[in-house]
>>> print(open('data_32.pdb').read())   # PDB, C-alpha atoms
MODEL        1
ATOM      1  CA  MET O   1     -29.843 -31.958  -9.135
ATOM      2  CA  PRO O   2     -28.548 -28.495 -10.174
ATOM      3  CA  ALA O   3     -25.020 -28.150 -11.530
ATOM      4  CA  LYS O   4     -22.401 -26.989  -9.078
ATOM      5  CA  ALA O   5     -21.460 -23.329  -9.318
ATOM      6  CA  LYS O   6     -18.206 -22.845 -11.154
ATOM      7  CA  VAL O   7     -15.408 -21.357  -9.073
ATOM      8  CA  THR O   8     -13.608 -18.802 -11.223
ATOM      9  CA  LYS O   9     -10.063 -17.561 -11.006
ATOM     10  CA  GLU O  10     -11.377 -14.115 -10.000
ATOM     11  CA  MET O  11     -13.429 -15.642  -7.166
ATOM     12  CA  ILE O  12     -10.290 -17.366  -5.881
ATOM     13  CA  ILE O  13      -8.276 -14.135  -6.051
ATOM     14  CA  ASP O  14     -11.028 -12.253  -4.215
ATOM     15  CA  ALA O  15     -11.220 -14.922  -1.525
ATOM     16  CA  ALA O  16      -7.436 -14.944  -1.075
ATOM     17  CA  PHE O  17      -7.446 -11.138  -0.917
ATOM     18  CA  ALA O  18     -10.069 -11.325   1.847
ATOM     19  CA  VAL O  19      -7.878 -13.813   3.746
ATOM     20  CA  ALA O  20      -4.899 -11.454   3.402
ATOM     21  CA  ARG O  21      -6.957  -8.497   4.660
ATOM     22  CA  GLU O  22      -8.456 -10.321   7.623
ATOM     23  CA  THR O  23      -5.692 -12.588   8.872
ATOM     24  CA  GLY O  24      -2.567 -11.835   6.841
ATOM     25  CA  ALA O  25      -1.072 -13.062   3.574
ATOM     26  CA  GLU O  26       0.841 -15.764   5.426
ATOM     27  CA  ASN O  27      -2.554 -17.463   5.918
ATOM     28  CA  ILE O  28      -3.310 -17.737   2.208
ATOM     29  CA  ASN O  29      -3.368 -21.419   1.329
ATOM     30  CA  ALA O  30      -5.604 -23.765  -0.635
ATOM     31  CA  ARG O  31      -7.540 -24.733   2.477
ATOM     32  CA  THR O  32      -8.318 -21.210   3.741
ATOM     33  CA  VAL O  33      -9.313 -20.009   0.281
ATOM     34  CA  SER O  34     -11.475 -23.043  -0.472
ATOM     35  CA  GLU O  35     -13.174 -22.782   2.941
ATOM     36  CA  ARG O  36     -14.088 -19.179   2.173
ATOM     37  CA  LEU O  37     -15.508 -20.249  -1.191
ATOM     38  CA  LYS O  38     -17.203 -23.326   0.302
ATOM     39  CA  CYS O  39     -15.582 -25.622  -2.238
ATOM     40  CA  SER O  40     -12.834 -28.203  -2.371
ATOM     41  CA  THR O  41      -9.196 -27.223  -2.806
ATOM     42  CA  GLN O  42      -9.253 -28.556  -6.386
ATOM     43  CA  PRO O  43     -10.440 -25.302  -8.062
ATOM     44  CA  VAL O  44      -7.747 -23.326  -6.247
ATOM     45  CA  MET O  45      -5.011 -25.646  -7.440
ATOM     46  CA  TYR O  46      -6.547 -25.853 -10.920
ATOM     47  CA  HIS O  47      -6.305 -22.096 -11.451
ATOM     48  CA  PHE O  48      -2.990 -21.620  -9.622
ATOM     49  CA  ALA O  49      -0.139 -24.092 -10.002
ATOM     50  CA  THR O  50       1.288 -22.978  -6.652
ATOM     51  CA  ILE O  51       0.153 -20.955  -3.656
ATOM     52  CA  GLU O  52       3.130 -18.694  -4.332
ATOM     53  CA  GLU O  53       1.575 -17.800  -7.698
ATOM     54  CA  LEU O  54      -1.739 -17.043  -5.967
ATOM     55  CA  LYS O  55       0.000 -14.843  -3.374
ATOM     56  CA  ARG O  56       1.795 -12.889  -6.107
ATOM     57  CA  THR O  57      -1.538 -12.323  -7.860
ATOM     58  CA  VAL O  58      -3.113 -11.177  -4.588
ATOM     59  CA  TYR O  59      -0.128  -8.869  -4.049
ATOM     60  CA  VAL O  60      -0.913  -7.126  -7.356
ATOM     61  CA  LYS O  61      -4.573  -6.766  -6.327
ATOM     62  CA  ALA O  62      -3.540  -5.391  -2.918
ATOM     63  CA  ASP O  63      -1.158  -2.924  -4.566
ATOM     64  CA  LEU O  64      -3.943  -1.602  -6.814
ATOM     65  CA  TYR O  65      -6.275  -1.369  -3.818
ATOM     66  CA  HIS O  66      -3.612   0.580  -1.904
ATOM     67  CA  SER O  67      -3.012   2.969  -4.816
ATOM     68  CA  GLU O  68      -6.722   3.743  -5.085
ATOM     69  CA  TYR O  69      -6.868   4.280  -1.329
ATOM     70  CA  LEU O  70      -3.963   6.748  -1.427
ATOM     71  CA  MET O  71      -5.339   8.763  -4.299
ATOM     72  CA  ASN O  72      -8.505   9.539  -2.338
ATOM     73  CA  MET O  73      -6.706  12.521  -0.821
ATOM     74  CA  LYS O  74      -7.138  16.142   0.164
ATOM     75  CA  GLY O  75      -3.711  17.596  -0.623
ATOM     76  CA  ALA O  76      -0.840  16.332  -2.725
ATOM     77  CA  ALA O  77       1.929  15.253  -0.355
ATOM     78  CA  LEU O  78       0.221  15.670   3.007
ATOM     79  CA  GLY O  79      -2.967  13.993   1.804
ATOM     80  CA  ILE O  80      -1.095  11.000   0.457
ATOM     81  CA  GLY O  81       1.041  10.842   3.606
ATOM     82  CA  MET O  82      -1.977  10.837   5.907
ATOM     83  CA  ASN O  83      -3.806   8.307   3.726
ATOM     84  CA  TYR O  84      -0.710   6.099   3.747
ATOM     85  CA  ILE O  85      -0.765   6.137   7.554
ATOM     86  CA  ARG O  86      -4.550   5.599   7.673
ATOM     87  CA  PHE O  87      -4.132   2.600   5.357
ATOM     88  CA  ALA O  88      -1.715   1.066   7.869
ATOM     89  CA  ILE O  89      -4.296   1.608  10.616
ATOM     90  CA  GLU O  90      -7.293   0.291   8.680
ATOM     91  CA  GLU O  91      -5.517  -2.458   6.739
ATOM     92  CA  PRO O  92      -2.532  -3.569   8.869
ATOM     93  CA  HIS O  93      -2.353  -7.040   7.306
ATOM     94  CA  LEU O  94      -2.332  -5.629   3.777
ATOM     95  CA  PHE O  95       0.195  -2.941   4.773
ATOM     96  CA  ARG O  96       2.594  -5.563   6.101
ATOM     97  CA  PHE O  97       2.017  -7.743   3.007
ATOM     98  CA  LEU O  98       2.690  -4.840   0.642
ATOM     99  CA  PHE O  99       5.635  -3.196   2.390
ATOM    100  CA  GLN O 100       7.124  -5.586   4.916
ATOM    101  CA  SER O 101       7.198  -8.908   3.106
ATOM    102  CA  ASP O 102       9.412 -10.566   0.555
ATOM    103  CA  TYR O 103       6.814  -9.740  -2.105
ATOM    104  CA  PHE O 104       7.923  -6.089  -2.121
ATOM    105  CA  SER O 105      11.099  -6.314  -4.130
ATOM    106  CA  GLY O 106      12.846  -5.212  -7.235
ATOM    107  CA  LYS O 107      12.633  -1.459  -6.806
ATOM    108  CA  THR O 108      14.816   0.974  -4.966
ATOM    109  CA  LEU O 109      13.442   4.123  -3.386
ATOM    110  CA  LEU O 110      14.876   6.149  -6.255
ATOM    111  CA  GLU O 111      13.127   3.896  -8.798
ATOM    112  CA  LEU O 112       9.851   4.333  -6.932
ATOM    113  CA  ILE O 113      10.101   8.135  -7.017
ATOM    114  CA  ASP O 114      10.461   7.948 -10.813
ATOM    115  CA  ALA O 115       7.413   5.684 -11.226
ATOM    116  CA  GLU O 116       4.914   6.786 -13.840
ATOM    117  CA  GLU O 117       2.094   6.596 -11.269
ATOM    118  CA  LEU O 118       3.681   9.432  -9.273
ATOM    119  CA  ILE O 119       3.927  11.907 -12.167
ATOM    120  CA  PRO O 120       0.514  13.538 -11.526
ATOM    121  CA  VAL O 121       1.239  13.912  -7.811
ATOM    122  CA  LEU O 122       4.715  15.317  -8.389
ATOM    123  CA  SER O 123       3.414  17.689 -11.076
ATOM    124  CA  ALA O 124       0.703  19.025  -8.754
ATOM    125  CA  MET O 125       3.214  19.449  -5.937
ATOM    126  CA  GLN O 126       5.717  21.149  -8.210
ATOM    127  CA  ALA O 127       3.104  23.627  -9.475
ATOM    128  CA  SER O 128       1.926  24.484  -5.959
ATOM    129  CA  LEU O 129       5.443  24.798  -4.513
ATOM    130  CA  GLY O 130       7.053  26.673  -7.386
ATOM    131  CA  ILE O 131      10.249  24.622  -7.280
ATOM    132  CA  GLY O 132      11.994  22.319  -9.762
ATOM    133  CA  ARG O 133      11.181  18.666 -10.356
ATOM    134  CA  GLU O 134      14.232  17.343  -8.492
ATOM    135  CA  GLN O 135      13.507  19.520  -5.443
ATOM    136  CA  THR O 136       9.884  18.369  -5.552
ATOM    137  CA  LYS O 137      11.039  14.742  -5.534
ATOM    138  CA  LYS O 138      13.151  15.457  -2.450
ATOM    139  CA  VAL O 139      10.180  17.003  -0.667
ATOM    140  CA  PHE O 140       8.012  14.019  -1.583
ATOM    141  CA  LEU O 141      10.679  11.552  -0.394
ATOM    142  CA  THR O 142      10.949  13.311   2.957
ATOM    143  CA  VAL O 143       7.200  13.140   3.504
ATOM    144  CA  PHE O 144       7.050   9.541   2.260
ATOM    145  CA  LEU O 145       9.829   8.349   4.567
ATOM    146  CA  PHE O 146       8.294  10.133   7.532
ATOM    147  CA  ALA O 147       4.840   8.698   6.774
ATOM    148  CA  HIS O 148       6.266   5.214   6.198
ATOM    149  CA  GLY O 149       7.958   5.290   9.591
ATOM    150  CA  TYR O 150       4.722   6.212  11.323
ATOM    151  CA  ALA O 151       2.702   3.708   9.290
ATOM    152  CA  SER O 152       5.147   0.871   9.984
ATOM    153  CA  MET O 153       5.146   1.511  13.698
ATOM    154  CA  ILE O 154       1.355   1.711  13.789
ATOM    155  CA  ALA O 155       0.810  -1.398  11.619
ATOM    156  CA  ASN O 156       3.056  -3.370  13.945
ATOM    157  CA  ASN O 157       1.299  -2.144  17.095
ATOM    158  CA  SER O 158       4.322  -0.193  18.253
ATOM    159  CA  LEU O 159       2.623   3.202  18.347
ATOM    160  CA  LYS O 160      -0.792   4.463  19.326
ATOM    161  CA  TYR O 161      -2.276   6.642  16.602
ATOM    162  CA  ASP O 162      -3.157  10.250  17.389
ATOM    163  CA  GLU O 163      -4.286  11.930  14.169
ATOM    164  CA  ASP O 164      -3.687  15.483  15.389
ATOM    165  CA  ILE O 165      -0.113  14.781  16.476
ATOM    166  CA  VAL O 166       0.724  12.754  13.359
ATOM    167  CA  ASN O 167      -0.798  15.373  11.053
ATOM    168  CA  SER O 168       1.070  18.182  12.840
ATOM    169  CA  GLN O 169       4.407  16.378  12.662
ATOM    170  CA  LEU O 170       3.874  15.329   9.048
ATOM    171  CA  GLU O 171       3.118  18.954   8.205
ATOM    172  CA  GLN O 172       6.310  20.065   9.993
ATOM    173  CA  ALA O 173       8.358  17.545   8.020
ATOM    174  CA  TYR O 174       6.689  18.781   4.824
ATOM    175  CA  ARG O 175       7.401  22.444   5.589
ATOM    176  CA  GLY O 176      10.977  21.654   6.574
ATOM    177  CA  ALA O 177      11.535  19.723   3.347
ATOM    178  CA  ILE O 178      10.118  22.631   1.326
ATOM    179  CA  LEU O 179      12.400  25.131   3.078
ATOM    180  CA  ALA O 180      15.421  22.890   2.503
ATOM    181  CA  ALA O 181      14.515  22.481  -1.189
ATOM    182  CA  LYS O 182      14.053  26.213  -1.655
ATOM    183  CA  GLU O 183      17.366  26.975   0.090
ATOM    184  CA  LYS O 184      19.169  24.749  -2.407
ATOM    185  CA  THR O 185      17.669  26.667  -5.355
ATOM    186  CA  THR O 186      18.764  30.103  -4.097
TER     187      THR O 186
ENDMDL
END
>>> encode(input="data_32.pdb", output="structure tokens")
Amino acid sequence: MPAKAKVTKEMIIDAAFAVARETGAENINARTVSERLKCSTQPVMYHFATIEELKRTVYVKADLYHSEYLMNMKGAALGIGMNYIRFAIEEPHLFRFLFQSDYFSGKTLLELIDAEELIPVLSAMQASLGIGREQTKKVFLTVFLFAHGYASMIANNSLKYDEDIVNSQLEQAYRGAILAAKEKTT
């Protein structure tokens, strides 16, 4: 009889990530993960002392997945904004897990705008807009908040998505934020 295939920690994380994507992070448990892997619950509990620990690990994986998704963009702020909204449409369970659960904690909006991961985006925006770093951050925050509102409403089935309308309104918010930032510098 052949030896049973070993269930690795990475396999468990991938299976739990798939559960989060398909049915929501609230459905991650030893049973759902082990069913997906066609094994007993023992390997899940061997690699993760608690389901909470597994969910936190899946959160990190989902956050990396989201960041890669966002960076596949056409234009600095508008591209990220539209991709943020598209992510909410295509991955509503992950969107809610990342941004509307107790796992998203510890950072304020101002801490997020100063995150190292945003430096390349802010630098590109600043160069294209010809304004200072602080004004650029304000423009980015305006677009982010606008996009987050749309994305949240869409992910929670409160709004039907119309790409042309959303893109037009996001562009208006972007232009308005740029004008406001430039007015403050003159």
>>> residues_around(input="data_32.pdb", residues="O:Ile119", least_positions_apart="4", cutoff="12 Å", atoms="only C-alpha atoms", output="PyMOL selection string")
chain O and resi 76+112-115+123-126+133+136-137+140
>>> closest_residue(input="data_32.pdb", among="O:Leu129, O:Ala151, O:Val44, O:Val60", to="O:Glu90", atoms="only C-alpha atoms")
O:Ala151
>>> closest_residue(input="data_32.pdb", among="O:Ile13, O:Leu37, O:Leu64, O:Ile85", to="O:Glu117", atoms="only C-alpha atoms")
O:Leu64
>>> closest_residue(input="data_32.pdb", among="O:Leu94, O:Leu110, O:Ala30, O:Leu170", to="O:Ile80", atoms="only C-alpha atoms")
O:Leu170
>>> closest_residue(input="data_32.pdb", among="O:Ala25, O:Val33, O:Met71, O:Ala155", to="O:Lys9", atoms="only C-alpha atoms")
O:Val33
>>> atom_distance(input="data_32.pdb", atom1="atom CA of O:Glu68", atom2="atom CA of O:Asp14")
16.6 Å
>>> closest_residue(input="data_32.pdb", among="O:Thr8, O:Gln172, O:Asn157, O:Ser67", to="O:His93", atoms="only C-alpha atoms")
O:Asn157
>>> resolve_selection(input="data_32.pdb", expression="the PyMOL selection byres ((chain O and resi 175) around 12)", output="PDB file with C-alpha atoms, keeping the file's coordinate frame")
ATOM      1  CA  ALA O  77       1.929  15.253  -0.355  1.00  0.00           C
ATOM      2  CA  LEU O  78       0.221  15.670   3.007  1.00  0.00           C
ATOM      3  CA  LEU O 129       5.443  24.798  -4.513  1.00  0.00           C
ATOM      4  CA  VAL O 139      10.180  17.003  -0.667  1.00  0.00           C
ATOM      5  CA  PHE O 140       8.012  14.019  -1.583  1.00  0.00           C
ATOM      6  CA  THR O 142      10.949  13.311   2.957  1.00  0.00           C
ATOM      7  CA  VAL O 143       7.200  13.140   3.504  1.00  0.00           C
ATOM      8  CA  SER O 168       1.070  18.182  12.840  1.00  0.00           C
ATOM      9  CA  GLN O 169       4.407  16.378  12.662  1.00  0.00           C
ATOM     10  CA  LEU O 170       3.874  15.329   9.048  1.00  0.00           C
ATOM     11  CA  GLU O 171       3.118  18.954   8.205  1.00  0.00           C
ATOM     12  CA  GLN O 172       6.310  20.065   9.993  1.00  0.00           C
ATOM     13  CA  ALA O 173       8.358  17.545   8.020  1.00  0.00           C
ATOM     14  CA  TYR O 174       6.689  18.781   4.824  1.00  0.00           C
ATOM     15  CA  GLY O 176      10.977  21.654   6.574  1.00  0.00           C
ATOM     16  CA  ALA O 177      11.535  19.723   3.347  1.00  0.00           C
ATOM     17  CA  ILE O 178      10.118  22.631   1.326  1.00  0.00           C
ATOM     18  CA  LEU O 179      12.400  25.131   3.078  1.00  0.00           C
ATOM     19  CA  ALA O 180      15.421  22.890   2.503  1.00  0.00           C
ATOM     20  CA  ALA O 181      14.515  22.481  -1.189  1.00  0.00           C
ATOM     21  CA  LYS O 182      14.053  26.213  -1.655  1.00  0.00           C
TER      22      LYS O 182
END
